[in-house]
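Just final_9.pdb here, PDB, C-alpha atoms:
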```pdb
MODEL        1
ATOM      1  CA  MET A1123      81.742  70.217 115.908
ATOM      2  CA  SER A1124      82.229  69.870 112.157
ATOM      3  CA  VAL A1125      79.349  72.329 111.535
ATOM      4  CA  VAL A1126      81.121  75.007 113.598
ATOM      5  CA  LEU A1127      84.394  74.275 111.784
ATOM      6  CA  ILE A1128      82.780  74.672 108.358
ATOM      7  CA  ARG A1129      80.913  77.818 109.464
ATOM      8  CA  SER A1130      84.154  79.322 110.801
ATOM      9  CA  LEU A1131      85.972  78.573 107.541
ATOM     10  CA  ILE A1132      83.183  80.198 105.499
ATOM     11  CA  LEU A1133      83.097  83.262 107.766
ATOM     12  CA  TYR A1134      86.884  83.485 107.669
ATOM     13  CA  ILE A1135      86.803  83.630 103.879
ATOM     14  CA  VAL A1136      83.997  86.224 103.906
ATOM     15  CA  VAL A1137      85.792  88.425 106.464
ATOM     16  CA  ILE A1138      89.101  88.243 104.562
ATOM     17  CA  PHE A1139      87.249  89.104 101.341
ATOM     18  CA  GLY A1140      85.512  92.035 103.082
ATOM     19  CA  VAL A1141      88.691  93.409 104.619
ATOM     20  CA  ARG A1142      90.470  93.177 101.258
ATOM     21  CA  LEU A1143      87.622  95.125  99.645
ATOM     22  CA  MET A1144      87.969  97.857 102.280
ATOM     23  CA  GLY A1145      91.619  98.486 101.397
ATOM     24  CA  LYS A1146      95.148  97.563 102.363
ATOM     25  CA  ARG A1147      95.819  99.597 105.452
ATOM     26  CA  GLN A1148      97.595  98.391 108.519
ATOM     27  CA  LEU A1149      95.689  98.493 111.791
ATOM     28  CA  GLY A1150      97.572 101.571 112.990
ATOM     29  CA  GLU A1151      96.687 103.475 109.805
ATOM     30  CA  LEU A1152      92.915 102.994 110.017
ATOM     31  CA  GLN A1153      90.666 106.017 110.090
ATOM     32  CA  PRO A1154      88.184 105.988 113.007
ATOM     33  CA  SER A1155      85.305 104.878 110.771
ATOM     34  CA  GLU A1156      87.387 102.029 109.319
ATOM     35  CA  LEU A1157      88.344 100.850 112.802
ATOM     36  CA  VAL A1158      84.688 100.821 113.889
ATOM     37  CA  ILE A1159      83.676  98.825 110.798
ATOM     38  CA  THR A1160      86.513  96.359 111.420
ATOM     39  CA  ILE A1161      85.418  95.825 115.034
ATOM     40  CA  LEU A1162      81.773  95.444 114.009
ATOM     41  CA  ILE A1163      82.676  92.893 111.330
ATOM     42  CA  SER A1164      84.647  90.822 113.832
ATOM     43  CA  ASN A1165      81.768  90.910 116.314
ATOM     44  CA  ILE A1166      79.173  89.989 113.680
ATOM     45  CA  ALA A1167      81.346  87.111 112.452
ATOM     46  CA  THR A1168      81.458  85.573 115.928
ATOM     47  CA  LEU A1169      77.667  85.527 116.394
ATOM     48  CA  PRO A1170      76.880  82.647 113.981
ATOM     49  CA  LEU A1171      79.865  80.741 115.395
ATOM     50  CA  GLU A1172      78.750  81.033 119.001
ATOM     51  CA  ASP A1173      75.085  80.344 118.313
ATOM     52  CA  THR A1174      74.478  77.825 115.530
ATOM     53  CA  SER A1175      70.757  78.699 115.563
ATOM     54  CA  ILE A1176      71.656  82.018 113.904
ATOM     55  CA  PRO A1177      71.632  81.473 110.137
ATOM     56  CA  LEU A1178      75.101  81.687 108.620
ATOM     57  CA  MET A1179      73.678  83.647 105.693
ATOM     58  CA  LEU A1180      72.501  86.403 108.089
ATOM     59  CA  GLY A1181      76.066  86.893 109.353
ATOM     60  CA  ILE A1182      77.441  86.930 105.809
ATOM     61  CA  LEU A1183      74.839  89.459 104.647
ATOM     62  CA  LEU A1184      75.529  91.759 107.617
ATOM     63  CA  ILE A1185      79.278  91.604 106.996
ATOM     64  CA  LEU A1186      78.842  92.366 103.301
ATOM     65  CA  ALA A1187      76.432  95.205 104.140
ATOM     66  CA  LEU A1188      79.037  96.793 106.438
ATOM     67  CA  VAL A1189      81.738  96.400 103.782
ATOM     68  CA  CYS A1190      79.450  98.068 101.228
ATOM     69  CA  TYR A1191      78.675 100.851 103.705
ATOM     70  CA  GLU A1192      82.400 101.415 104.263
ATOM     71  CA  ALA A1193      83.049 101.463 100.503
ATOM     72  CA  VAL A1194      80.332 104.096 100.034
ATOM     73  CA  MET A1195      81.649 106.152 102.965
ATOM     74  CA  SER A1196      85.193 105.950 101.563
ATOM     75  CA  TRP A1197      83.967 107.248  98.220
ATOM     76  CA  VAL A1198      81.927 110.033  99.875
ATOM     77  CA  THR A1199      84.870 111.132 102.038
ATOM     78  CA  LEU A1200      87.135 111.192  98.979
ATOM     79  CA  GLU A1201      84.673 113.451  97.173
ATOM     80  CA  SER A1202      83.743 115.761 100.061
ATOM     81  CA  THR A1203      86.298 117.561 102.200
ATOM     82  CA  ARG A1204      83.588 118.602 104.643
ATOM     83  CA  ILE A1205      82.372 115.057 105.275
ATOM     84  CA  ARG A1206      85.989 113.815 105.456
ATOM     85  CA  ARG A1207      86.665 116.318 108.241
ATOM     86  CA  ILE A1208      83.525 115.242 110.109
ATOM     87  CA  VAL A1209      84.275 111.520 109.813
ATOM     88  CA  SER A1210      88.068 111.511 110.095
ATOM     89  CA  GLY A1211      88.962 114.851 111.635
ATOM     90  CA  ARG A1212      91.924 116.854 110.408
ATOM     91  CA  PRO A1213      95.627 116.833 111.206
ATOM     92  CA  LYS A1214      96.701 119.291 113.884
ATOM     93  CA  ILE A1215     100.040 120.787 114.850
ATOM     94  CA  ILE A1216     101.222 119.649 118.289
ATOM     95  CA  ILE A1217     104.753 121.133 118.125
ATOM     96  CA  ARG A1218     105.434 124.467 116.430
ATOM     97  CA  ASP A1219     108.965 125.879 116.239
ATOM     98  CA  GLY A1220     110.218 123.670 119.062
ATOM     99  CA  GLN A1221     107.321 124.515 121.427
ATOM    100  CA  LEU A1222     104.510 122.188 122.483
ATOM    101  CA  GLU A1223     101.007 123.370 121.570
ATOM    102  CA  GLN A1224      99.455 122.772 124.996
ATOM    103  CA  ALA A1225      95.851 123.441 123.939
ATOM    104  CA  THR A1226      96.056 120.955 121.066
ATOM    105  CA  MET A1227      97.695 118.388 123.312
ATOM    106  CA  ARG A1228      94.844 118.797 125.805
ATOM    107  CA  ASP A1229      92.313 118.340 122.975
ATOM    108  CA  PHE A1230      94.003 115.039 122.042
ATOM    109  CA  ARG A1231      94.602 114.138 125.710
ATOM    110  CA  LEU A1232      98.325 113.704 125.032
ATOM    111  CA  SER A1233     101.075 113.844 127.612
ATOM    112  CA  VAL A1234     104.633 114.944 126.889
ATOM    113  CA  ASP A1235     105.621 111.253 127.066
ATOM    114  CA  ASP A1236     103.042 110.424 124.362
ATOM    115  CA  VAL A1237     104.723 112.979 122.083
ATOM    116  CA  MET A1238     108.309 112.097 122.984
ATOM    117  CA  MET A1239     107.947 108.397 122.146
ATOM    118  CA  PRO A1240     107.459 108.868 118.353
ATOM    119  CA  LEU A1241     110.078 111.644 118.385
ATOM    120  CA  ARG A1242     112.631 109.268 119.894
ATOM    121  CA  GLY A1243     111.552 106.646 117.334
ATOM    122  CA  SER A1244     112.619 109.175 114.677
ATOM    123  CA  GLN A1245     115.952 109.809 116.448
ATOM    124  CA  VAL A1246     114.816 113.193 117.791
ATOM    125  CA  PHE A1247     115.567 113.616 121.496
ATOM    126  CA  ASP A1248     115.109 117.368 121.855
ATOM    127  CA  ILE A1249     111.764 119.041 121.080
ATOM    128  CA  ARG A1250     113.608 122.259 120.207
ATOM    129  CA  GLN A1251     114.922 120.543 117.037
ATOM    130  CA  VAL A1252     111.373 120.161 115.690
ATOM    131  CA  GLN A1253     109.928 122.781 113.340
ATOM    132  CA  TYR A1254     106.544 121.032 113.214
ATOM    133  CA  ALA A1255     105.059 117.851 114.625
ATOM    134  CA  ILE A1256     101.607 117.049 113.327
ATOM    135  CA  MET A1257      99.090 114.641 114.814
ATOM    136  CA  GLU A1258      97.624 112.841 111.800
ATOM    137  CA  THR A1259      94.037 111.610 111.645
ATOM    138  CA  THR A1260      95.298 108.036 112.048
ATOM    139  CA  GLY A1261      96.918 108.908 115.382
ATOM    140  CA  SER A1262     100.468 108.870 114.056
ATOM    141  CA  ILE A1263     102.768 111.851 114.458
ATOM    142  CA  SER A1264     104.629 113.344 111.481
ATOM    143  CA  ILE A1265     107.806 115.227 112.278
ATOM    144  CA  TYR A1266     109.503 118.004 110.310
ATOM    145  CA  LEU A1267     112.858 119.086 111.706
ATOM    146  CA  LYS A1268     114.244 122.579 111.653
ATOM    147  CA  PRO A1269     116.602 123.000 108.663
ATOM    148  CA  GLU A1270     119.767 122.946 110.759
ATOM    149  CA  TYR A1271     118.804 119.524 112.207
ATOM    150  CA  GLN A1272     117.723 117.853 108.979
ATOM    151  CA  PRO A1273     119.947 115.067 107.709
ATOM    152  CA  LEU A1274     122.338 115.890 104.911
ATOM    153  CA  THR A1275     121.132 114.651 101.507
ATOM    154  CA  GLN A1276     122.872 113.939  98.211
ATOM    155  CA  GLY A1277     121.234 117.106  96.826
ATOM    156  CA  ASP A1278     122.763 119.180  99.636
ATOM    157  CA  LEU A1279     126.208 117.834  98.825
ATOM    158  CA  GLN A1280     125.791 118.565  95.118
ATOM    159  CA  GLN A1281     124.679 122.143  95.837
ATOM    160  CA  LYS A1282     127.624 122.650  98.160
ATOM    161  CA  SER A1283     130.105 121.315  95.583
ATOM    162  CA  ARG A1284     128.599 123.566  92.861
ATOM    163  CA  ARG A1285     128.973 126.583  95.150
ATOM    164  CA  SER A1286     132.596 125.608  95.883
ATOM    165  CA  ILE A1287     133.346 125.296  92.157
ATOM    166  CA  ARG A1288     131.783 128.708  91.414
ATOM    167  CA  GLN A1289     133.666 130.382  94.241
ATOM    168  CA  SER A1290     136.995 128.940  93.075
ATOM    169  CA  HIS A1291     136.529 130.425  89.571
TER
ENDMDL
END
```
Before we go any further, please render this structure as structure tokens.
Amino acid sequence: MSVVLIRSLILYIVVIFGVRLMGKRQLGELQPSELVITILISNIATLPLEDTSIPLMLGILLILALVCYEAVMSWVTLESTRIRRIVSGRPKIIIRDGQLEQATMRDFRLSVDDVMMPLRGSQVFDIRQVQYAIMETTGSISIYLKPEYQPLTQGDLQQKSRRSIRQSH
């Protein structure tokens, strides 16, 4: 029992170290390749815990090899747009000028409900208010409202007051 406890503590430290080396993203922000590496690391870490005949060093080396592979792939995708598109895909517009892009939604296998949920989370309840909604490579949806539905900012107020001052002179 104590051997498994010590092995789990060592693997825990190695996995935390590896994940920290890969970057500080939240689970929902992972690129597909990062998610696969994360799942593989978790599976590899469990093998020496479940079967004590598997050398602990083998599990550690495999984990570190995957972390190194991910670091190299991250560097390569930063340097090459083409490889980045192959590995991560590219963002695509799913709403344009208040209209759903049906073909893109089919490509992503999205229903209207799948699109409406993040819209409602951004306080948008009518698709017609959206200039663009973009499906990001992480699976999140970015929303850009039409100008007439965008919230008023401090800059808008300052511009309006400057116009009022000019018109009064």
**Prompt:** Residues at most 10 Å from A:Ser1244, counting all atoms listed in the file, excluding those fewer than 5 positions away in the same chain, as a ChimeraX atom specification?
**Reply:** /A:1238-1239,1264-1265
**Item:** Result set, the PyMOL selection byres ((chain A and resi 1132) around 12) on current file, as a ChimeraX atom specification
**Value:** /A:1125-1131,1133-1139,1167-1168,1170-1171,1178-1179,1181-1182
**Between atom CA of A:Val1209 and atom CA of A:Ser1155, distance in Å (one decimal)** =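 Computed distance, atom CA of A:Val1209 to atom CA of A:Ser1155, equals 6.8 Å.
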**Fill in**
Residue with the minimum atom-to-atom distance to A:Ile1249, picked from A:Leu1222, A:Met1144, A:Leu1169, A:Cys1190 with all atoms listed in the file counted, is A:Leu1222
**Asked** Which residue out of A:Gly1145, A:Pro1273, A:Gly1261, A:Gly1140 has the minimum interatomic distance to A:Pro1240 when all atoms listed in the file are used?
**Response** A:Gly1261
**Message:** Report, in Å to a single decimal, how far apart atom CA of A:Arg1212 and atom CA of A:Thr1259 are.
**Reply:**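 Atom CA of A:Arg1212 lies at a distance of 5.8 Å from atom CA of A:Thr1259.
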**Message:** Taking only C-alpha atoms into account, name the residue in A:Ile1256, A:Leu1183, A:Ile1205, A:Ile1216 that is nearest to A:Val1234.
**Reply:**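 Result for the nearest residue to A:Val1234: A:Ile1216.
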**Asked** Which value, in Å to one decimal, gives the distance between atom CA of A:Arg1142 and atom CA of A:Ser1164?
**Response**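 Going from atom CA of A:Arg1142 over to atom CA of A:Ser1164 covers 14.1 Å.
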